[in-house]
>>> print(open('data_9.tsv').read())   # TSV, C-alpha atoms
chain	number	residue	atom	x	y	z
A	30	MET	CA	0.28	-67.50	-76.08
A	31	GLU	CA	-1.03	-68.27	-79.55
A	32	LEU	CA	-0.10	-67.30	-83.10
A	33	VAL	CA	-1.98	-68.07	-86.30
A	34	THR	CA	-0.03	-68.65	-89.51
A	35	THR	CA	-2.03	-68.25	-92.72
A	36	PHE	CA	-0.84	-69.89	-95.93
A	37	VAL	CA	-1.65	-68.34	-99.30
A	38	ASN	CA	-0.80	-69.36	-102.84
A	39	GLN	CA	0.89	-67.21	-105.45
A	40	ALA	CA	-2.43	-65.69	-106.47
A	41	GLY	CA	-3.03	-64.54	-102.93
A	42	ALA	CA	-5.86	-66.95	-102.19
A	43	LYS	CA	-6.02	-68.21	-98.62
A	44	LEU	CA	-5.39	-71.97	-98.32
A	45	ASN	CA	-5.38	-72.76	-94.61
A	46	SER	CA	-4.31	-71.52	-91.19
A	47	VAL	CA	-2.04	-73.15	-88.66
A	48	ARG	CA	-2.18	-72.39	-84.96
A	49	TRP	CA	1.01	-72.16	-82.90
A	50	ARG	CA	0.78	-72.54	-79.14
A	51	PHE	CA	3.28	-72.04	-76.35
A	52	ARG	CA	2.19	-72.19	-72.72
A	53	MET	CA	3.90	-69.82	-70.31
A	54	THR	CA	4.78	-71.40	-66.97
A	55	PRO	CA	7.10	-70.28	-64.13
A	56	MET	CA	9.74	-72.85	-65.17
A	57	ARG	CA	9.68	-71.67	-68.77
A	58	LEU	CA	10.11	-68.08	-67.62
A	59	VAL	CA	13.19	-69.22	-65.67
A	60	PHE	CA	14.55	-70.88	-68.82
A	61	MET	CA	13.95	-67.64	-70.74
A	62	ALA	CA	15.74	-65.55	-68.13
A	63	ILE	CA	18.79	-67.85	-68.09
A	64	ALA	CA	18.84	-67.92	-71.90
A	65	ALA	CA	18.70	-64.11	-72.08
A	66	VAL	CA	21.67	-63.71	-69.70
A	67	ALA	CA	23.60	-66.39	-71.61
A	68	ILE	CA	23.00	-64.67	-74.95
A	69	ALA	CA	24.29	-61.39	-73.49
A	70	ILE	CA	27.46	-63.15	-72.28
A	71	ILE	CA	27.93	-64.84	-75.66
A	72	LEU	CA	27.76	-61.47	-77.39
A	73	VAL	CA	30.40	-60.12	-75.00
A	74	ARG	CA	32.54	-63.19	-75.70
A	75	PHE	CA	32.29	-62.62	-79.48
A	76	VAL	CA	33.32	-58.98	-79.10
A	77	LEU	CA	35.95	-59.15	-76.34
A	78	GLY	CA	37.21	-62.73	-76.72
A	79	LEU	CA	37.59	-65.78	-74.50
A	80	GLY	CA	39.75	-63.98	-71.93
A	81	ALA	CA	36.90	-61.67	-70.96
A	82	THR	CA	34.37	-64.45	-70.34
A	83	THR	CA	36.34	-67.57	-69.34
A	84	ASN	CA	39.14	-68.72	-67.02
A	85	LEU	CA	40.93	-70.55	-69.83
A	86	ASN	CA	44.69	-70.08	-70.19
A	87	ASP	CA	47.61	-71.35	-72.24
A	88	GLN	CA	47.86	-74.53	-70.15
A	89	TRP	CA	44.09	-75.14	-70.09
A	90	PRO	CA	42.77	-74.30	-73.59
A	91	TRP	CA	39.84	-76.71	-73.12
A	92	GLY	CA	37.43	-76.09	-70.28
A	93	LEU	CA	33.76	-76.38	-69.38
A	94	TRP	CA	32.47	-75.45	-72.83
A	95	ILE	CA	34.37	-78.31	-74.47
A	96	ALA	CA	33.70	-80.84	-71.69
A	97	PHE	CA	30.02	-79.99	-71.21
A	98	ASP	CA	28.70	-78.39	-74.39
A	99	VAL	CA	30.70	-80.47	-76.88
A	100	LEU	CA	32.01	-83.79	-75.51
A	101	LEU	CA	29.06	-84.35	-73.19
A	102	GLY	CA	26.54	-82.82	-75.60
A	103	VAL	CA	27.58	-85.19	-78.39
A	104	ALA	CA	27.38	-88.19	-76.04
A	105	LEU	CA	23.97	-87.33	-74.54
A	106	ALA	CA	22.57	-86.64	-78.02
A	107	GLY	CA	23.63	-90.12	-79.13
A	108	GLY	CA	20.23	-91.59	-78.32
A	109	GLY	CA	19.00	-90.47	-81.74
A	110	TYR	CA	21.17	-92.74	-83.84
A	111	GLY	CA	20.77	-95.63	-81.37
A	112	THR	CA	16.98	-95.41	-81.50
A	113	CYS	CA	17.01	-95.14	-85.30
A	114	LEU	CA	19.13	-98.28	-85.46
A	115	ILE	CA	16.75	-100.17	-83.16
A	116	VAL	CA	13.49	-98.93	-84.72
A	117	TYR	CA	14.21	-98.46	-88.42
A	118	VAL	CA	16.97	-100.99	-89.10
A	119	LEU	CA	16.33	-103.77	-86.57
A	120	ARG	CA	12.57	-103.16	-86.96
A	121	ARG	CA	11.75	-103.26	-83.24
A	122	ASP	CA	8.37	-101.59	-83.77
A	123	LYS	CA	7.44	-101.58	-80.07
A	124	PHE	CA	9.86	-98.66	-79.64
A	125	TYR	CA	8.29	-96.57	-82.40
A	126	PRO	CA	6.29	-94.34	-79.96
A	127	ILE	CA	9.53	-92.84	-78.59
A	128	ALA	CA	11.39	-92.58	-81.91
A	129	ARG	CA	10.39	-89.04	-82.82
A	130	SER	CA	10.87	-87.54	-79.37
A	131	THR	CA	14.31	-89.17	-79.13
A	132	MET	CA	15.35	-87.90	-82.55
A	133	LEU	CA	14.15	-84.41	-81.60
A	134	THR	CA	16.23	-84.50	-78.40
A	135	SER	CA	19.22	-85.61	-80.46
A	136	LEU	CA	18.73	-82.82	-83.00
A	137	LEU	CA	18.54	-80.14	-80.31
A	138	GLY	CA	21.57	-81.67	-78.58
A	139	TYR	CA	23.65	-81.42	-81.74
A	140	ILE	CA	22.54	-77.83	-82.34
A	141	VAL	CA	23.81	-77.07	-78.81
A	142	VAL	CA	27.09	-78.82	-79.73
A	143	VAL	CA	27.48	-76.72	-82.88
A	144	LEU	CA	26.75	-73.52	-80.95
A	145	GLY	CA	29.19	-74.62	-78.24
A	146	LEU	CA	31.92	-75.17	-80.82
A	147	LEU	CA	31.29	-71.75	-82.35
A	148	ILE	CA	31.48	-70.08	-78.92
A	149	GLU	CA	34.56	-72.02	-77.78
A	150	VAL	CA	36.72	-71.57	-80.88
A	151	GLY	CA	39.20	-68.73	-80.28
A	152	GLN	CA	38.68	-66.91	-83.58
A	153	TRP	CA	35.01	-67.76	-84.01
A	154	PHE	CA	34.74	-65.75	-87.22
A	155	ASN	CA	36.99	-68.34	-88.91
A	156	PHE	CA	34.53	-71.17	-88.25
A	157	TRP	CA	34.08	-71.68	-92.02
A	158	ARG	CA	37.73	-72.53	-92.76
A	159	PRO	CA	37.47	-76.32	-92.23
A	160	TYR	CA	34.90	-76.37	-95.02
A	161	VAL	CA	37.50	-75.16	-97.52
A	162	SER	CA	40.77	-76.37	-95.93
A	163	TRP	CA	41.31	-80.10	-96.36
A	164	GLY	CA	42.85	-81.28	-93.07
A	165	HIS	CA	42.30	-85.00	-93.63
A	166	ALA	CA	45.11	-85.98	-91.22
A	167	SER	CA	43.38	-84.25	-88.28
A	168	VAL	CA	40.98	-86.08	-85.97
A	169	LEU	CA	39.28	-82.78	-85.16
A	170	PHE	CA	38.74	-82.18	-88.88
A	171	GLU	CA	36.85	-85.47	-89.15
A	172	VAL	CA	34.83	-84.65	-86.02
A	173	PHE	CA	33.97	-81.20	-87.39
A	174	TRP	CA	32.76	-82.57	-90.71
A	175	CYS	CA	30.82	-85.47	-89.21
A	176	VAL	CA	29.09	-83.30	-86.61
A	177	SER	CA	28.22	-80.67	-89.22
A	178	CYS	CA	26.89	-83.19	-91.73
A	179	TYR	CA	24.95	-85.14	-89.08
A	180	THR	CA	23.30	-81.96	-87.82
A	181	VAL	CA	22.15	-81.16	-91.36
A	182	ILE	CA	20.86	-84.73	-91.78
A	183	GLN	CA	18.87	-84.44	-88.54
A	184	ILE	CA	17.36	-81.13	-89.65
A	185	LEU	CA	16.20	-82.81	-92.88
A	186	GLU	CA	14.79	-85.72	-90.87
A	187	PHE	CA	12.85	-83.28	-88.72
A	188	CYS	CA	11.54	-81.54	-91.84
A	189	GLU	CA	9.70	-84.78	-92.63
A	190	VAL	CA	7.82	-84.23	-89.35
A	191	ALA	CA	7.41	-80.48	-89.81
A	192	THR	CA	5.91	-80.81	-93.28
A	193	GLU	CA	3.02	-82.78	-91.84
A	194	LYS	CA	1.82	-79.40	-90.57
A	195	VAL	CA	3.41	-76.69	-92.72
A	196	PHE	CA	4.54	-76.62	-96.36
A	197	LYS	CA	2.82	-79.97	-96.82
A	198	GLY	CA	3.62	-80.14	-100.50
A	199	PHE	CA	7.21	-81.10	-99.64
A	200	HIS	CA	6.21	-83.91	-97.28
A	201	LYS	CA	5.99	-86.67	-99.87
A	202	TYR	CA	9.49	-85.88	-101.18
A	203	LEU	CA	11.04	-85.87	-97.72
A	204	LYS	CA	9.25	-89.11	-96.88
A	205	LYS	CA	10.79	-90.77	-99.93
A	206	ALA	CA	14.23	-89.49	-98.89
A	207	MET	CA	13.90	-90.76	-95.29
A	208	PRO	CA	15.43	-94.24	-95.83
A	209	VAL	CA	18.64	-92.68	-97.20
A	210	LEU	CA	18.67	-89.97	-94.51
A	211	LEU	CA	18.23	-92.58	-91.77
A	212	ILE	CA	21.06	-94.80	-93.02
A	213	VAL	CA	23.44	-91.84	-93.34
A	214	GLY	CA	22.21	-90.54	-89.98
A	215	ILE	CA	23.05	-93.85	-88.28
A	216	THR	CA	26.50	-94.10	-89.91
A	217	LEU	CA	27.88	-90.61	-89.23
A	218	PRO	CA	27.61	-90.65	-85.40
A	219	THR	CA	29.58	-93.90	-85.16
A	220	LEU	CA	32.46	-92.02	-86.80
A	221	HIS	CA	32.63	-88.87	-84.70
A	222	GLN	CA	31.59	-90.52	-81.40
A	223	SER	CA	34.62	-92.84	-81.62
A	224	SER	CA	36.85	-90.08	-82.99
A	225	LEU	CA	36.26	-87.98	-79.89
A	226	GLY	CA	37.81	-90.85	-77.93
A	227	GLU	CA	40.65	-90.89	-80.45
A	228	LEU	CA	41.48	-87.29	-79.48
A	229	PHE	CA	42.41	-88.39	-75.97
A	230	TYR	CA	44.07	-91.60	-77.16
A	231	LEU	CA	46.59	-89.32	-78.87
A	232	MET	CA	47.45	-87.73	-75.50
A	233	VAL	CA	49.84	-90.50	-74.44
A	234	GLY	CA	51.63	-89.55	-71.21
A	235	LYS	CA	49.25	-86.64	-70.61
A	236	GLU	CA	45.99	-88.46	-69.89
A	237	ASN	CA	45.86	-90.36	-66.59
A	238	ILE	CA	46.44	-94.08	-67.12
A	239	LEU	CA	43.04	-94.88	-65.59
A	240	TRP	CA	41.31	-93.19	-68.55
A	241	TRP	CA	43.90	-93.47	-71.29
A	242	SER	CA	43.43	-96.66	-73.31
A	243	VAL	CA	43.68	-98.14	-76.77
A	244	PHE	CA	39.97	-98.83	-76.24
A	245	LEU	CA	39.08	-95.13	-75.89
A	246	PRO	CA	37.32	-94.93	-79.30
A	247	PRO	CA	35.04	-97.94	-78.59
A	248	PHE	CA	34.55	-96.70	-75.01
A	249	PHE	CA	33.25	-93.36	-76.29
A	250	LEU	CA	31.11	-95.06	-78.94
A	251	LEU	CA	29.57	-97.60	-76.55
A	252	SER	CA	28.85	-95.02	-73.86
A	253	SER	CA	27.15	-92.73	-76.40
A	254	PHE	CA	24.91	-95.68	-77.33
A	255	PHE	CA	23.91	-96.88	-73.86
A	256	VAL	CA	23.37	-93.38	-72.46
A	257	GLY	CA	20.56	-92.96	-74.99
A	258	ALA	CA	18.19	-95.12	-72.92
A	259	GLY	CA	18.97	-93.11	-69.80
A	260	MET	CA	18.19	-89.87	-71.62
A	261	ILE	CA	14.94	-91.31	-72.97
A	262	VAL	CA	13.83	-92.41	-69.48
A	263	ILE	CA	14.57	-88.97	-68.00
A	264	GLU	CA	13.02	-87.18	-70.97
A	265	SER	CA	9.83	-89.29	-70.79
A	266	SER	CA	9.56	-88.60	-67.06
A	267	LEU	CA	9.91	-84.85	-67.52
A	268	ALA	CA	7.64	-84.82	-70.59
A	269	GLY	CA	5.04	-86.74	-68.62
A	270	LYS	CA	4.80	-83.86	-66.18
A	271	ALA	CA	5.27	-80.93	-68.57
A	272	LEU	CA	3.24	-82.23	-71.53
A	273	ASP	CA	0.93	-84.80	-69.90
A	274	HIS	CA	2.48	-87.63	-71.89
A	275	LYS	CA	3.35	-91.04	-70.52
A	276	VAL	CA	5.41	-93.78	-72.15
A	277	ASP	CA	4.51	-97.38	-71.34
A	278	ASN	CA	6.88	-99.06	-68.87
A	279	SER	CA	7.37	-102.06	-71.18
A	280	VAL	CA	8.81	-99.82	-73.89
A	281	LEU	CA	11.26	-98.17	-71.51
A	282	ARG	CA	12.18	-101.51	-69.93
A	283	GLY	CA	13.03	-102.96	-73.35
A	284	LEU	CA	15.30	-100.01	-74.11
A	285	VAL	CA	16.93	-100.23	-70.70
A	286	ARG	CA	17.78	-103.90	-71.23
A	287	ILE	CA	19.31	-103.18	-74.64
A	288	SER	CA	21.30	-100.41	-72.98
A	289	GLY	CA	22.26	-102.79	-70.16
A	290	GLY	CA	23.69	-105.22	-72.71
A	291	ALA	CA	25.89	-102.48	-74.19
A	292	MET	CA	26.94	-101.49	-70.64
A	293	LEU	CA	27.91	-105.08	-69.89
A	294	LEU	CA	30.16	-105.15	-72.97
A	295	TYR	CA	31.61	-101.79	-71.87
A	296	LEU	CA	32.33	-103.19	-68.38
A	297	ILE	CA	34.01	-106.30	-69.80
A	298	LEU	CA	36.24	-104.14	-72.01
A	299	LYS	CA	37.10	-101.99	-68.99
A	300	ILE	CA	38.15	-105.04	-66.97
A	301	VAL	CA	40.19	-106.39	-69.91
A	302	ASP	CA	41.80	-102.98	-70.32
A	303	ILE	CA	42.79	-102.82	-66.64
A	304	ALA	CA	44.25	-106.33	-66.83
A	305	VAL	CA	46.22	-105.65	-70.02
A	306	LYS	CA	47.62	-102.34	-68.76
A	307	GLY	CA	48.31	-103.75	-65.29
A	308	THR	CA	46.63	-100.80	-63.58
A	309	LEU	CA	44.71	-102.67	-60.87
A	310	SER	CA	46.88	-100.99	-58.21
A	311	ASN	CA	46.01	-97.58	-59.68
A	312	VAL	CA	42.31	-98.43	-59.53
A	313	PHE	CA	42.51	-99.15	-55.78
A	314	ALA	CA	45.09	-96.50	-54.85
A	315	PHE	CA	42.25	-94.46	-53.30
A	316	ASP	CA	43.73	-91.15	-54.35
A	317	LEU	CA	41.51	-88.60	-56.17
A	318	PRO	CA	41.74	-90.21	-59.66
A	319	SER	CA	41.13	-93.68	-58.17
A	320	ILE	CA	38.06	-92.53	-56.20
A	321	MET	CA	36.61	-90.70	-59.22
A	322	PHE	CA	37.23	-93.75	-61.42
A	323	LEU	CA	35.54	-96.12	-58.95
A	324	ILE	CA	32.53	-93.81	-58.51
A	325	GLU	CA	32.17	-93.58	-62.29
A	326	LEU	CA	32.39	-97.36	-62.76
A	327	VAL	CA	30.30	-98.51	-59.78
A	328	PHE	CA	27.49	-95.94	-59.84
A	329	GLY	CA	27.54	-95.20	-63.58
A	330	VAL	CA	27.91	-98.75	-64.95
A	331	ILE	CA	27.66	-101.63	-62.46
A	332	ILE	CA	24.55	-100.50	-60.54
A	333	PRO	CA	22.66	-99.57	-63.76
A	334	ILE	CA	23.47	-103.05	-65.14
A	335	ILE	CA	22.00	-104.62	-62.00
A	336	ILE	CA	18.86	-102.48	-62.34
A	337	ALA	CA	18.52	-103.27	-66.06
A	338	PHE	CA	18.49	-107.05	-65.58
A	339	SER	CA	16.49	-107.21	-62.36
A	340	SER	CA	12.84	-106.72	-61.50
A	341	LEU	CA	13.62	-103.07	-60.71
A	342	SER	CA	13.52	-102.28	-64.43
A	343	GLY	CA	9.81	-103.10	-64.39
A	344	THR	CA	8.99	-100.24	-62.01
A	345	ARG	CA	8.81	-96.55	-62.78
A	346	LYS	CA	11.12	-95.73	-59.88
A	347	GLY	CA	13.68	-98.32	-60.95
A	348	LEU	CA	13.66	-97.03	-64.52
A	349	LEU	CA	14.14	-93.47	-63.30
A	350	TRP	CA	17.10	-94.48	-61.13
A	351	PHE	CA	18.61	-96.30	-64.10
A	352	GLY	CA	18.26	-93.15	-66.21
A	353	ILE	CA	19.76	-90.89	-63.55
A	354	LEU	CA	22.75	-93.16	-62.84
A	355	ASP	CA	23.31	-93.93	-66.53
A	356	VAL	CA	23.41	-90.27	-67.54
A	357	ALA	CA	25.36	-89.22	-64.43
A	358	GLY	CA	27.95	-91.91	-65.15
A	359	VAL	CA	28.58	-90.66	-68.69
A	360	ILE	CA	28.69	-87.05	-67.47
A	361	LEU	CA	31.28	-88.01	-64.86
A	362	ASN	CA	33.27	-89.99	-67.43
A	363	ARG	CA	33.58	-87.07	-69.83
A	364	PHE	CA	34.48	-84.68	-67.01
A	365	ASN	CA	37.03	-87.16	-65.66
A	366	VAL	CA	38.65	-87.55	-69.08
A	367	VAL	CA	39.01	-83.77	-69.51
A	368	PHE	CA	39.64	-82.55	-65.96
A	369	THR	CA	40.68	-85.38	-63.62
A	370	GLY	CA	42.60	-87.23	-66.31
A	371	LEU	CA	44.55	-84.25	-67.65
A	372	GLY	CA	44.69	-82.20	-64.44
A	373	LYS	CA	47.99	-83.48	-63.06
A	374	TYR	CA	49.86	-83.03	-66.34
A	375	LEU	CA	48.48	-79.57	-67.14
A	376	ASN	CA	48.77	-78.21	-63.61
A	377	GLN	CA	52.46	-79.09	-63.33
A	378	HIS	CA	53.15	-76.44	-65.98
A	379	GLY	CA	51.69	-73.69	-63.83
A	380	GLY	CA	48.20	-73.58	-65.23
A	381	HIS	CA	45.13	-74.01	-63.03
A	382	TYR	CA	41.54	-73.88	-64.18
A	383	SER	CA	38.10	-73.64	-62.66
A	384	PRO	CA	35.08	-72.50	-64.70
A	385	ALA	CA	34.08	-68.85	-64.46
A	386	TRP	CA	30.48	-68.06	-63.57
A	387	THR	CA	30.01	-66.80	-67.12
A	388	GLU	CA	31.01	-70.19	-68.52
A	389	ILE	CA	28.47	-71.92	-66.28
A	390	VAL	CA	25.68	-69.49	-67.23
A	391	VAL	CA	26.38	-69.93	-70.96
A	392	SER	CA	26.23	-73.72	-70.63
A	393	LEU	CA	22.98	-73.51	-68.66
A	394	GLY	CA	21.67	-70.99	-71.19
A	395	LEU	CA	22.27	-73.34	-74.13
A	396	VAL	CA	20.46	-76.13	-72.27
A	397	SER	CA	17.60	-73.71	-71.48
A	398	ILE	CA	17.27	-72.75	-75.15
A	399	ALA	CA	17.16	-76.44	-76.11
A	400	CYS	CA	14.47	-77.12	-73.47
A	401	LEU	CA	12.32	-74.22	-74.69
A	402	ALA	CA	12.69	-75.37	-78.31
A	403	TYR	CA	11.74	-78.94	-77.32
A	404	LEU	CA	8.62	-77.75	-75.49
A	405	PHE	CA	7.53	-75.54	-78.39
A	406	ILE	CA	8.04	-78.27	-81.00
A	407	ALA	CA	6.39	-80.96	-78.86
A	408	GLU	CA	3.33	-78.75	-78.36
A	409	ASN	CA	2.96	-77.90	-82.04
A	410	PHE	CA	4.06	-80.98	-84.01
A	411	ASN	CA	3.22	-84.67	-83.95
A	412	ILE	CA	6.12	-85.76	-81.72
A	413	MET	CA	4.66	-87.50	-78.69
A	414	GLY	CA	3.02	-90.87	-79.03
A	415	HIS	CA	3.54	-91.10	-82.79
A	416	HIS	CA	2.64	-94.65	-83.82
A	417	GLY	CA	2.80	-94.56	-87.60
A	418	SER	CA	2.46	-92.52	-90.74
A	419	GLU	CA	-0.76	-90.56	-90.68
A	420	SER	CA	-2.45	-89.38	-93.84
A	421	VAL	CA	-1.56	-85.88	-94.88
A	422	GLU	CA	-4.57	-83.69	-95.42
A	423	GLY	CA	-4.73	-80.47	-97.34
A	424	VAL	CA	-1.50	-80.98	-99.27
A	425	MET	CA	-0.69	-77.72	-101.00
A	426	ILE	CA	-0.15	-77.69	-104.70
A	427	ASP	CA	-0.38	-75.08	-107.42
A	428	GLY	CA	3.08	-73.68	-106.94
A	429	ILE	CA	5.07	-72.46	-104.00
A	430	ASP	CA	3.28	-71.57	-100.77
A	431	TYR	CA	3.98	-68.51	-98.71
A	432	ALA	CA	3.26	-67.84	-95.06
A	433	SER	CA	2.17	-64.74	-93.19
A	434	THR	CA	1.85	-64.61	-89.41
A	435	ALA	CA	-0.62	-62.58	-87.37
A	436	LYS	CA	-1.72	-62.38	-83.77
>>> encode(input="data_9.tsv", output="C-alpha cells")
Amino acid sequence: MELVTTFVNQAGAKLNSVRWRFRMTPMRLVFMAIAAVAIAIILVRFVLGLGATTNLNDQWPWGLWIAFDVLLGVALAGGGYGTCLIVYVLRRDKFYPIARSTMLTSLLGYIVVVLGLLIEVGQWFNFWRPYVSWGHASVLFEVFWCVSCYTVIQILEFCEVATEKVFKGFHKYLKKAMPVLLIVGITLPTLHQSSLGELFYLMVGKENILWWSVFLPPFFLLSSFFVGAGMIVIESSLAGKALDHKVDNSVLRGLVRISGGAMLLYLILKIVDIAVKGTLSNVFAFDLPSIMFLIELVFGVIIPIIIAFSSLSGTRKGLLWFGILDVAGVILNRFNVVFTGLGKYLNQHGGHYSPAWTEIVVSLGLVSIACLAYLFIAENFNIMGHHGSESVEGVMIDGIDYASTAK
C-alpha cells in the first residue's frame, strides 16, 4: 500500500512529494483485527461504563488495565530515558544506532499508558480536571503530570525525526531545542517511575510484606531502567525479521552489561531489604506469594545477571534469553505487586477479581495499535540504523507549507 503526499507553498506551487509505504502481511492483518475489536469495546466502555466491560468491583478498583496498560506500560517504556542518558549524556556513541528505535518504542509505550489511563478512569470525561485542580499532596497527581509532560516531550523529540522528511522548515528549530528536550526527558521519568512505587509504599498493611518495602520507589526506578535493555534486545530481534534490520551483537552486549549492573544493585537492595525486615522465613514459606516471589527473583533477576556477565551475552541466543527473562521478570513483578501482593487483603472483604475477556482484548488491542504504528514509522522515517545527523535536503521556506494526499 502506498500514498503520495504532495507539498505546496501558499501560492499553490508544487515543492516536492513524499511517499508513504505500509506493507500488508498476515501478522499485520491480525494486529488490525485485534485493534478493531478493542476499539469497539472501548467505545462500549465509554458509553456504558466500566461495569459493562470489566470485572472490577468496589474491593478491586484496579485490575488488568492498571497493572498491564499503566504500571507495566510505564516500566517497559522506560528504555527511552535510559538510552538517552547513556547516549546523549554519558556520550556512549557506540549505542547511537539503537537510540531512535528505542525512543520510538518509549513514545508509543507512553501513548498506550495515556490511553490506558483514559480508559480505566471511572468518569473518563473528567480526565482534564488534574490540569486545573492543584492536588500537590497526591502521588497520583504527580504521576499524572509527569506522564503527561513526558509524553509531550517525547512527541516533540520525535518531531525532530519527522521533520527530516516532512515540514522540513521546522527541523532546524527542533534540532536546536533537542538538548533541552533530552535533559527534561531524562529527568521526568525518574520522578514518575519512582512515584509509582510510592503508591504501593503507602499501602502499609495491605501489600504483602514480600513486596512492600521502604525501597519500593528505587525498586520501581531501577527495574524501569534495567528492563530497557531487555526490551531493546527483543525489539531488535523482532525488527530484524519484520524490517530486515540487524543490530550488532557488541552493541546489544554492551547494553545488557549496563543493565546487568543495575540488576545487581537491585538484587543487593532486595537482599538488604529482606534482612532488615526479617522476612527470610516468608521468602521460603513456599506458599503462593513465596513461590511467585522466588520465581520473580531467580528467573527475572539472578539468571539474567549470570547471562549478562558471562560469555552467553556474546551470542544472539544468550542475548535473546536475557531479554525474555528480563522483561518477563518485570512483568511478573508488577503483576505480583498488584494482584499477588494485594490479593489476600482485598479478597478478605468479599471481593474477587479475574480479568474479563473484554479487558484482555483491549490490552492486546492497545499493544497491536502500538505495533502497527511502530512498523509504519520505521518503514517511512529514518529510525533504523541511524548513525548521525544527515544533511537536510529541500528545506522548505517561503512561508508555511501545506500538504495534500492522493493515491
>>> closest_residue(input="data_9.tsv", among="A:Arg74, A:Lys299, A:His221, A:Lys201", to="Ser177 of chain A", atoms="all atoms listed in the file")
A:His221
>>> residues_around(input="data_9.tsv", residues="Tyr374 of chain A", least_positions_apart="4", cutoff="10 Å", atoms="only C-alpha atoms", output="MDAnalysis selection string")
chainID A and resid 88 234:237 369:370 378:380
>>> atom_distance(input="data_9.tsv", atom1="atom CA of Ala258 of chain A", atom2="atom CA of Val118 of chain A")
17.3 Å
>>> atom_distance(input="data_9.tsv", atom1="atom CA of Gly138 of chain A", atom2="atom CA of Ala268 of chain A")
16.4 Å
>>> residues_around(input="data_9.tsv", residues="segment 277-294 of chain A", least_positions_apart="3", cutoff="9 Å", atoms="all atoms listed in the file", output="count of residues only")
33
>>> residues_around(input="data_9.tsv", residues="Ser223 of chain A", least_positions_apart="3", cutoff="7 Å", atoms="all atoms listed in the file", output="list in words")
Thr219, Leu220, Gly226, Glu227, Pro246, Pro247, Phe249 and Leu250 of chain A
>>> residues_around(input="data_9.tsv", residues="Ser242 of chain A", least_positions_apart="6", cutoff="9 Å", atoms="all atoms listed in the file", output="list in words")
Phe229, Tyr230, Val233, Asp302 and Lys306 of chain A
>>> write_last_selection(input="data_9.tsv", atoms="C-alpha atoms", output="short mmCIF file (atom, residue, chain, number, x, y, z; two decimals), in the coordinates of the input")
data_model
loop_
_atom_site.label_atom_id
_atom_site.label_comp_id
_atom_site.auth_asym_id
_atom_site.auth_seq_id
_atom_site.Cartn_x
_atom_site.Cartn_y
_atom_site.Cartn_z
CA PHE A 229 42.41 -88.39 -75.97
CA TYR A 230 44.07 -91.60 -77.16
CA VAL A 233 49.84 -90.50 -74.44
CA ASP A 302 41.80 -102.98 -70.32
CA LYS A 306 47.62 -102.34 -68.76
#
>>> residues_around(input="data_9.tsv", residues="Leu136 of chain A", least_positions_apart="3", cutoff="10 Å", atoms="all atoms listed in the file", output="PyMOL selection string")
chain A and resi 106-107+109+130-133+139-142+179-184+186-187+399+403
>>> atom_distance(input="data_9.tsv", atom1="atom CA of Ala357 of chain A", atom2="atom CA of Leu341 of chain A")
18.5 Å
>>> closest_residue(input="data_9.tsv", among="A:Thr54, A:Thr82, A:Asn311, A:Ser46", to="Phe196 of chain A", atoms="only C-alpha atoms")
A:Ser46
>>> closest_residue(input="data_9.tsv", among="A:Ile263, A:Val391, A:Val176, A:Cys113", to="Met207 of chain A", atoms="all atoms listed in the file")
A:Cys113
>>> closest_residue(input="data_9.tsv", among="A:Ile215, A:Leu93, A:Val47, A:Ala166", to="Ile115 of chain A", atoms="only C-alpha atoms")
A:Ile215
>>> closest_residue(input="data_9.tsv", among="A:Gly78, A:Lys194, A:Arg363, A:Leu228", to="Arg48 of chain A", atoms="only C-alpha atoms")
A:Lys194
>>> axis_aligned_box(input="data_9.tsv", around="segment 263-266 of chain A", padding_each_side="6 Å", output="lines of an AutoDock Vina configuration file")
center_x = 12.1
center_y = -88.2
center_z = -69.0
size_x = 17.0
size_y = 14.1
size_z = 15.9
>>> closest_residue(input="data_9.tsv", among="A:Leu239, A:Leu309, A:Met61, A:Met413", to="Leu272 of chain A", atoms="only C-alpha atoms")
A:Met413
>>> build_atoms(input="data_9.tsv", residues="segment 317-326 of chain A", atoms="N, CA and C atoms", output="compact mmCIF listing (two decimals), in the frame of the given file")
# COMPACT_ATOMS: atom_id res chain seq x y z
N LEU A 317 42.64 -89.25 -55.49
CA LEU A 317 41.51 -88.60 -56.17
C LEU A 317 41.16 -89.28 -57.49
N PRO A 318 42.12 -89.53 -58.41
CA PRO A 318 41.74 -90.21 -59.66
C PRO A 318 41.11 -91.58 -59.42
N SER A 319 41.67 -92.35 -58.46
CA SER A 319 41.13 -93.68 -58.17
C SER A 319 39.69 -93.60 -57.67
N ILE A 320 39.42 -92.67 -56.76
CA ILE A 320 38.06 -92.53 -56.20
C ILE A 320 37.08 -92.11 -57.29
N MET A 321 37.49 -91.15 -58.14
CA MET A 321 36.61 -90.70 -59.22
C MET A 321 36.34 -91.83 -60.22
N PHE A 322 37.37 -92.63 -60.50
CA PHE A 322 37.23 -93.75 -61.42
C PHE A 322 36.26 -94.79 -60.86
N LEU A 323 36.40 -95.12 -59.57
CA LEU A 323 35.54 -96.12 -58.95
C LEU A 323 34.09 -95.64 -58.87
N ILE A 324 33.89 -94.36 -58.54
CA ILE A 324 32.53 -93.81 -58.51
C ILE A 324 31.89 -93.91 -59.89
N GLU A 325 32.66 -93.53 -60.90
CA GLU A 325 32.17 -93.58 -62.29
C GLU A 325 31.78 -95.00 -62.68
N LEU A 326 32.62 -95.97 -62.32
CA LEU A 326 32.39 -97.36 -62.76
C LEU A 326 31.28 -98.03 -61.95
